[in-house]
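Text of upload16.cif, listed as mmCIF, C-alpha atoms:
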data_run
#
loop_
_atom_site.label_atom_id
_atom_site.label_comp_id
_atom_site.auth_asym_id
_atom_site.auth_seq_id
_atom_site.Cartn_x
_atom_site.Cartn_y
_atom_site.Cartn_z
CA GLY E 1 120.70 96.97 81.67
CA ILE E 2 117.83 96.42 84.05
CA GLN E 3 116.96 92.82 84.92
CA VAL E 4 113.40 91.57 85.37
CA GLU E 5 112.58 88.27 87.06
CA GLN E 6 109.11 86.76 87.30
CA SER E 7 107.98 83.97 89.56
CA PRO E 8 106.71 81.36 89.50
CA PRO E 9 107.46 80.33 85.90
CA ASP E 10 104.44 78.02 85.84
CA LEU E 11 101.26 77.96 87.89
CA ILE E 12 98.40 75.46 87.73
CA LEU E 13 95.15 76.23 89.53
CA GLN E 14 91.64 74.93 89.93
CA GLU E 15 88.89 77.31 88.95
CA GLY E 16 87.99 79.56 91.87
CA ALA E 17 91.45 79.60 93.44
CA ASN E 18 93.45 82.75 94.17
CA SER E 19 97.02 83.38 93.04
CA THR E 20 99.88 85.86 93.35
CA LEU E 21 102.45 86.51 90.63
CA ARG E 22 105.66 88.33 91.47
CA CYS E 23 107.96 90.59 89.45
CA ASN E 24 111.38 91.65 90.78
CA PHE E 25 113.47 94.28 89.02
CA SER E 26 117.05 95.37 89.52
CA ASP E 27 116.90 99.17 89.22
CA SER E 28 114.58 102.12 89.66
CA VAL E 29 111.78 102.29 87.12
CA ASN E 30 109.52 104.96 85.65
CA ASN E 31 107.15 102.50 84.00
CA LEU E 32 105.83 99.12 85.02
CA GLN E 33 103.14 97.29 83.14
CA TRP E 34 101.43 93.92 83.56
CA PHE E 35 100.15 92.15 80.45
CA HIS E 36 98.15 89.02 79.74
CA GLN E 37 99.09 87.29 76.49
CA ASN E 38 96.18 85.29 75.16
CA PRO E 39 96.49 82.07 73.11
CA TRP E 40 96.48 84.10 69.88
CA GLY E 41 99.46 86.14 71.01
CA GLN E 42 97.68 89.41 71.71
CA LEU E 43 99.14 91.36 74.63
CA ILE E 44 96.33 92.75 76.75
CA ASN E 45 97.12 95.63 79.08
CA LEU E 46 96.20 94.78 82.66
CA PHE E 47 97.85 97.52 84.69
CA TYR E 48 100.11 100.50 84.28
CA ILE E 49 101.55 100.67 87.79
CA PRO E 50 105.03 102.16 88.36
CA SER E 51 104.02 102.59 92.01
CA GLY E 52 101.06 102.10 94.32
CA THR E 53 98.05 99.79 94.17
CA LYS E 54 95.31 99.40 91.60
CA GLN E 55 92.32 97.12 91.26
CA ASN E 56 90.27 96.09 88.26
CA GLY E 57 87.57 93.54 89.02
CA ARG E 58 89.13 90.27 90.15
CA LEU E 59 92.63 91.54 89.43
CA SER E 60 94.74 93.86 91.50
CA ALA E 61 98.37 94.92 91.46
CA THR E 62 100.81 96.49 93.87
CA THR E 63 104.22 97.96 93.10
CA VAL E 64 106.67 98.78 95.88
CA ALA E 65 109.19 100.77 93.90
CA THR E 66 111.56 101.32 96.81
CA GLU E 67 111.88 97.55 97.26
CA ARG E 68 111.88 96.87 93.51
CA TYR E 69 109.03 94.45 93.17
CA SER E 70 105.48 94.24 91.92
CA LEU E 71 102.72 91.73 92.65
CA LEU E 72 99.74 90.76 90.53
CA TYR E 73 96.81 89.18 92.40
CA ILE E 74 94.18 87.10 90.65
CA SER E 75 91.17 86.17 92.75
CA SER E 76 88.49 83.57 91.98
CA SER E 77 90.38 82.43 88.88
CA GLN E 78 88.49 81.39 85.75
CA THR E 79 89.55 79.22 82.82
CA THR E 80 89.68 82.35 80.67
CA ASP E 81 92.48 83.65 82.90
CA SER E 82 94.79 81.02 81.40
CA GLY E 83 97.71 82.32 79.37
CA VAL E 84 101.04 84.00 79.94
CA TYR E 85 101.40 86.97 82.27
CA PHE E 86 104.24 89.37 81.60
CA CYS E 87 105.72 92.09 83.72
CA ALA E 88 107.59 94.78 81.77
CA VAL E 89 109.52 97.75 83.13
CA GLY E 90 110.83 101.01 81.78
CA SER E 91 113.92 102.44 83.37
CA ASN E 92 115.31 105.93 83.68
CA ALA E 93 118.83 104.57 84.10
CA GLY E 94 121.53 106.66 82.49
CA GLY E 95 119.78 109.94 83.20
CA THR E 96 117.57 110.01 80.13
CA SER E 97 113.98 108.99 79.88
CA TYR E 98 113.78 105.99 77.63
CA GLY E 99 110.60 104.39 76.34
CA LYS E 100 111.98 100.88 76.06
CA LEU E 101 110.20 98.15 78.01
CA THR E 102 112.26 95.28 79.36
CA PHE E 103 110.15 92.14 79.72
CA GLY E 104 110.39 89.31 82.19
CA GLN E 105 110.20 85.72 81.00
CA GLY E 106 106.55 85.45 81.98
CA THR E 107 104.41 83.22 84.19
CA ILE E 108 102.38 80.55 82.42
CA LEU E 109 99.03 80.23 84.18
CA THR E 110 96.75 77.27 83.57
CA VAL E 111 93.31 77.24 85.20
CA HIS E 112 91.46 73.92 85.14
CA PRO E 113 87.65 73.72 85.38
CA ASP M 1 87.63 102.33 66.94
CA GLY M 2 91.10 103.48 67.96
CA GLY M 3 93.83 100.95 67.94
CA ILE M 4 96.92 99.41 66.41
CA THR M 5 96.71 97.20 63.37
CA GLN M 6 99.38 94.91 61.99
CA SER M 7 99.43 93.08 58.71
CA PRO M 8 99.71 90.44 57.58
CA LYS M 9 98.77 88.14 60.44
CA TYR M 10 100.91 85.32 59.04
CA LEU M 11 103.84 85.66 56.65
CA PHE M 12 105.98 83.05 55.00
CA ARG M 13 109.30 83.96 53.48
CA LYS M 14 111.91 82.11 51.53
CA GLU M 15 115.49 82.44 52.63
CA GLY M 16 117.21 85.39 50.98
CA GLN M 17 114.06 87.49 50.64
CA ASN M 18 113.30 90.79 52.32
CA VAL M 19 109.82 91.21 53.77
CA THR M 20 108.02 94.24 55.19
CA LEU M 21 105.62 94.10 58.13
CA SER M 22 103.02 96.81 58.44
CA CYS M 23 102.05 98.66 61.63
CA GLU M 24 99.44 101.43 61.72
CA GLN M 25 97.95 103.28 64.69
CA ASN M 26 95.11 105.79 64.91
CA LEU M 27 95.64 106.66 68.57
CA ASN M 28 97.55 109.87 67.75
CA HIS M 29 100.52 108.44 69.63
CA ASP M 30 103.95 110.00 69.17
CA ALA M 31 106.13 106.98 69.90
CA MET M 32 106.12 103.61 68.16
CA TYR M 33 108.10 100.43 68.80
CA TRP M 34 108.87 97.05 67.27
CA TYR M 35 109.46 93.99 69.46
CA ARG M 36 110.32 90.42 68.66
CA GLN M 37 109.12 87.39 70.64
CA ASP M 38 110.65 83.93 70.37
CA PRO M 39 108.86 80.83 71.71
CA GLY M 40 108.73 80.73 75.50
CA GLN M 41 110.43 84.10 75.82
CA GLY M 42 109.57 87.66 76.67
CA LEU M 43 109.70 90.46 74.12
CA ARG M 44 112.88 92.20 72.95
CA LEU M 45 113.08 95.67 71.41
CA ILE M 46 114.17 95.93 67.76
CA TYR M 47 113.64 99.61 66.88
CA TYR M 48 111.77 102.58 68.27
CA SER M 49 110.70 105.98 67.00
CA GLN M 50 109.91 109.10 69.03
CA ILE M 51 108.67 111.31 66.19
CA VAL M 52 108.26 111.33 62.44
CA ASN M 53 111.50 110.92 60.45
CA ASP M 54 113.40 109.80 63.53
CA PHE M 55 114.15 106.30 64.85
CA GLN M 56 116.77 104.50 66.94
CA LYS M 57 118.08 100.98 67.25
CA GLY M 58 116.93 98.83 70.11
CA ASP M 59 118.68 95.79 71.54
CA ILE M 60 118.48 93.50 68.51
CA ALA M 61 118.41 95.79 65.43
CA GLU M 62 120.85 93.82 63.25
CA GLY M 63 119.18 92.54 60.09
CA TYR M 64 116.17 94.89 60.40
CA SER M 65 115.30 98.32 59.05
CA VAL M 66 112.45 100.77 59.66
CA SER M 67 111.04 104.06 58.43
CA ARG M 68 108.76 106.68 60.01
CA GLU M 69 107.44 108.90 57.24
CA LYS M 70 104.02 109.36 58.85
CA LYS M 71 102.99 109.61 62.48
CA GLU M 72 100.50 106.76 62.02
CA SER M 73 102.83 104.26 60.34
CA PHE M 74 106.02 102.43 61.36
CA PRO M 75 106.82 99.58 58.92
CA LEU M 76 109.52 97.02 59.71
CA THR M 77 111.61 95.34 57.02
CA VAL M 78 113.20 92.01 57.85
CA THR M 79 116.19 91.72 55.55
CA SER M 80 118.03 88.66 54.31
CA ALA M 81 120.85 89.62 56.71
CA GLN M 82 118.70 88.62 59.71
CA LYS M 83 119.99 85.15 60.57
CA ASN M 84 117.01 83.80 62.52
CA PRO M 85 113.96 85.76 61.40
CA THR M 86 111.30 83.19 62.31
CA ALA M 87 109.50 84.80 65.26
CA PHE M 88 106.40 86.66 66.40
CA TYR M 89 106.65 90.40 65.77
CA LEU M 90 104.70 92.93 67.81
CA CYS M 91 104.28 96.63 67.22
CA ALA M 92 103.47 99.03 70.05
CA SER M 93 102.80 102.70 70.55
CA SER M 94 102.66 105.17 73.42
CA LYS M 95 101.40 108.70 73.73
CA ARG M 96 104.67 110.22 74.80
CA PHE M 97 108.26 109.13 74.80
CA LEU M 98 110.47 111.45 76.78
CA GLN M 99 108.19 111.67 79.79
CA SER M 100 108.68 109.95 83.11
CA SER M 101 105.00 110.17 83.92
CA TYR M 102 102.56 108.14 81.87
CA ASN M 103 104.25 106.21 79.12
CA GLU M 104 101.89 103.26 78.87
CA GLN M 105 102.48 101.14 75.78
CA PHE M 106 99.73 99.45 73.79
CA PHE M 107 100.33 96.55 71.45
CA GLY M 108 98.99 95.40 68.11
CA PRO M 109 97.89 91.80 67.42
CA GLY M 110 101.25 90.76 65.95
CA THR M 111 102.62 89.12 62.79
CA ARG M 112 103.96 85.56 62.78
CA LEU M 113 106.86 85.30 60.35
CA THR M 114 108.12 81.91 59.22
CA VAL M 115 111.15 81.43 57.01
CA LEU M 116 110.87 78.35 54.81
#

Structure rendered as structure tokens:
Amino acid sequence: GIQVEQSPPDLILQEGANSTLRCNFSDSVNNLQWFHQNPWGQLINLFYIPSGTKQNGRLSATTVATERYSLLYISSSQTTDSGVYFCAVGSNAGGTSYGKLTFGQGTILTVHP
Amino acid sequence: DGGITQSPKYLFRKEGQNVTLSCEQNLNHDAMYWYRQDPGQGLRLIYYSQIVNDFQKGDIAEGYSVSREKKESFPLTVTSAQKNPTAFYLCASSKRFLQSSYNEQFFGPGTRLTVL
């Protein structure tokens, strides 16, 4: 099956710093989502971005599908940005559309005041 | 408000007991999914359903069962055959299933199951 690797595994920042999280995947995808998991476990949708670039406030994401990677940018980080960030992909491998998401292991982000 | 609800939030089970986790959505989504998350890990797919009265096994279906009698509901039963059931269980839904364009999944708040 498709492999998803996220880097870095851990990231510690001071409030106000910028950061870039990376997601590499091993096959072509028809779905790519970025999530933020808060301390209570809730997965919050950040971006649905199988290709292209999107921005939402201080967050933006870019997926280069042909090179099989996606980047999540966080600018002017705040303590409330702390948590785990997951990249998840859906693949069309095998010739049939398939709704399954394969998750990476996540990046644990800690933002200190 | 539209969304996905899961109950209970916390569940404690004795070994040998079956338990059922509830998942309800009012988003009019066709597809629903169950994932399991272990500490420090990403999510893994247990079961999924494209339409009412139809469901398929995911990657880790052993020891679990599901039903899809209504579009809004997709309960998960953790049976006594599941060897390591202590985990965080998340339900998700998406508008369409067999579409390559727009298949964004949305997640419920989860149920934490602990086996005593």

Considering all atoms listed in the file, extract the chain M residues located within 10 Å of chain E and return them as a PDB file with C-alpha atoms, in the frame of the given file.
ATOM      1  CA  ALA M  31     106.130 106.980  69.900  1.00  0.00           C
ATOM      2  CA  MET M  32     106.120 103.610  68.160  1.00  0.00           C
ATOM      3  CA  TYR M  33     108.100 100.430  68.800  1.00  0.00           C
ATOM      4  CA  TYR M  35     109.460  93.990  69.460  1.00  0.00           C
ATOM      5  CA  GLN M  37     109.120  87.390  70.640  1.00  0.00           C
ATOM      6  CA  GLY M  40     108.730  80.730  75.500  1.00  0.00           C
ATOM      7  CA  GLN M  41     110.430  84.100  75.820  1.00  0.00           C
ATOM      8  CA  GLY M  42     109.570  87.660  76.670  1.00  0.00           C
ATOM      9  CA  LEU M  43     109.700  90.460  74.120  1.00  0.00           C
ATOM     10  CA  ARG M  44     112.880  92.200  72.950  1.00  0.00           C
ATOM     11  CA  LEU M  45     113.080  95.670  71.410  1.00  0.00           C
ATOM     12  CA  ILE M  46     114.170  95.930  67.760  1.00  0.00           C
ATOM     13  CA  TYR M  47     113.640  99.610  66.880  1.00  0.00           C
ATOM     14  CA  TYR M  48     111.770 102.580  68.270  1.00  0.00           C
ATOM     15  CA  SER M  49     110.700 105.980  67.000  1.00  0.00           C
ATOM     16  CA  GLN M  50     109.910 109.100  69.030  1.00  0.00           C
ATOM     17  CA  GLY M  58     116.930  98.830  70.110  1.00  0.00           C
ATOM     18  CA  ASP M  59     118.680  95.790  71.540  1.00  0.00           C
ATOM     19  CA  PHE M  88     106.400  86.660  66.400  1.00  0.00           C
ATOM     20  CA  TYR M  89     106.650  90.400  65.770  1.00  0.00           C
ATOM     21  CA  LEU M  90     104.700  92.930  67.810  1.00  0.00           C
ATOM     22  CA  ALA M  92     103.470  99.030  70.050  1.00  0.00           C
ATOM     23  CA  SER M  93     102.800 102.700  70.550  1.00  0.00           C
ATOM     24  CA  SER M  94     102.660 105.170  73.420  1.00  0.00           C
ATOM     25  CA  ARG M  96     104.670 110.220  74.800  1.00  0.00           C
ATOM     26  CA  PHE M  97     108.260 109.130  74.800  1.00  0.00           C
ATOM     27  CA  LEU M  98     110.470 111.450  76.780  1.00  0.00           C
ATOM     28  CA  GLN M  99     108.190 111.670  79.790  1.00  0.00           C
ATOM     29  CA  SER M 100     108.680 109.950  83.110  1.00  0.00           C
ATOM     30  CA  SER M 101     105.000 110.170  83.920  1.00  0.00           C
ATOM     31  CA  TYR M 102     102.560 108.140  81.870  1.00  0.00           C
ATOM     32  CA  ASN M 103     104.250 106.210  79.120  1.00  0.00           C
ATOM     33  CA  GLU M 104     101.890 103.260  78.870  1.00  0.00           C
ATOM     34  CA  GLN M 105     102.480 101.140  75.780  1.00  0.00           C
ATOM     35  CA  PHE M 106      99.730  99.450  73.790  1.00  0.00           C
ATOM     36  CA  PHE M 107     100.330  96.550  71.450  1.00  0.00           C
ATOM     37  CA  GLY M 108      98.990  95.400  68.110  1.00  0.00           C
ATOM     38  CA  PRO M 109      97.890  91.800  67.420  1.00  0.00           C
ATOM     39  CA  GLY M 110     101.250  90.760  65.950  1.00  0.00           C
ATOM     40  CA  THR M 111     102.620  89.120  62.790  1.00  0.00           C
ATOM     41  CA  ARG M 112     103.960  85.560  62.780  1.00  0.00           C
TER      42      ARG M 112
END

**Report entry** Resolved residues for the PyMOL selection byres ((chain E and resi 12) around 10) as a list in words
**Finding:**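 Here the PyMOL selection byres ((chain E and resi 12) around 10) matches Asp10, Leu11, Leu13, Gln14, Glu15, Ala17, Ser19, Ser82, Ile108, Leu109, Thr110, Val111 and His112 of chain E.
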
Query raised in the report: How far is it from atom CA of M:Leu27 to atom CA of M:Leu76, in Å with one decimal?
Result: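 A separation of 19.1 Å between them.
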
Report task. Would you write out, as a PyMOL selection string, every residue that the PyMOL selection byres ((chain E and resi 71) around 6) captures in this file? Result -> chain E and resi 21-22+61-62+70+72

Query - Length of the atom CA of M:Val115 to atom CA of E:Gly83 vector [Å] - result: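 Pair atom CA of M:Val115 / atom CA of E:Gly83 returns 26.1 Å.
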
Query raised in the report: What separation in Å, quoted to one decimal, exists between atom CA of E:Tyr73 and atom CA of E:Asn18?
Result: 7.5 Å

Query raised in the report: Within 7 Å of M:Gly3, counting all atoms listed in the file, which residues qualify if same-chain residues fewer than 2 places away don't, as a PyMOL selection string?
Result: chain M and resi 1+5+25-27

Selection above as a file: C-alpha atoms, as a PDB file, in the coordinates of the input:
ATOM      1  CA  ASP M   1      87.630 102.330  66.940  1.00  0.00           C
ATOM      2  CA  THR M   5      96.710  97.200  63.370  1.00  0.00           C
ATOM      3  CA  GLN M  25      97.950 103.280  64.690  1.00  0.00           C
ATOM      4  CA  ASN M  26      95.110 105.790  64.910  1.00  0.00           C
ATOM      5  CA  LEU M  27      95.640 106.660  68.570  1.00  0.00           C
TER       6      LEU M  27
END

Query raised in the report: Which of these residues is nearest to M:Ser73, using all atoms listed in the file: M:Asp30, M:Asp54, M:Asp38, M:Glu24?
Result: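 Distance minimum relative to M:Ser73 lands on M:Glu24.
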
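Applied to the shown file, the PyMOL selection byres ((chain M and resi 85) around 9) selects the residues Gly63, Val78, Thr79, Ser80, Gln82, Lys83, Asn84, Thr86, Ala87, Leu113, Thr114 and Val115 of chain M.
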
Report task. Go through E:Ser75, E:Ser26, E:Thr80, E:Ser7 and flag the residue nearest E:Gln55, using all atoms listed in the file for the distances. Result ->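 Looking only at the distances to E:Gln55, the closest residue turns out to be E:Ser75.
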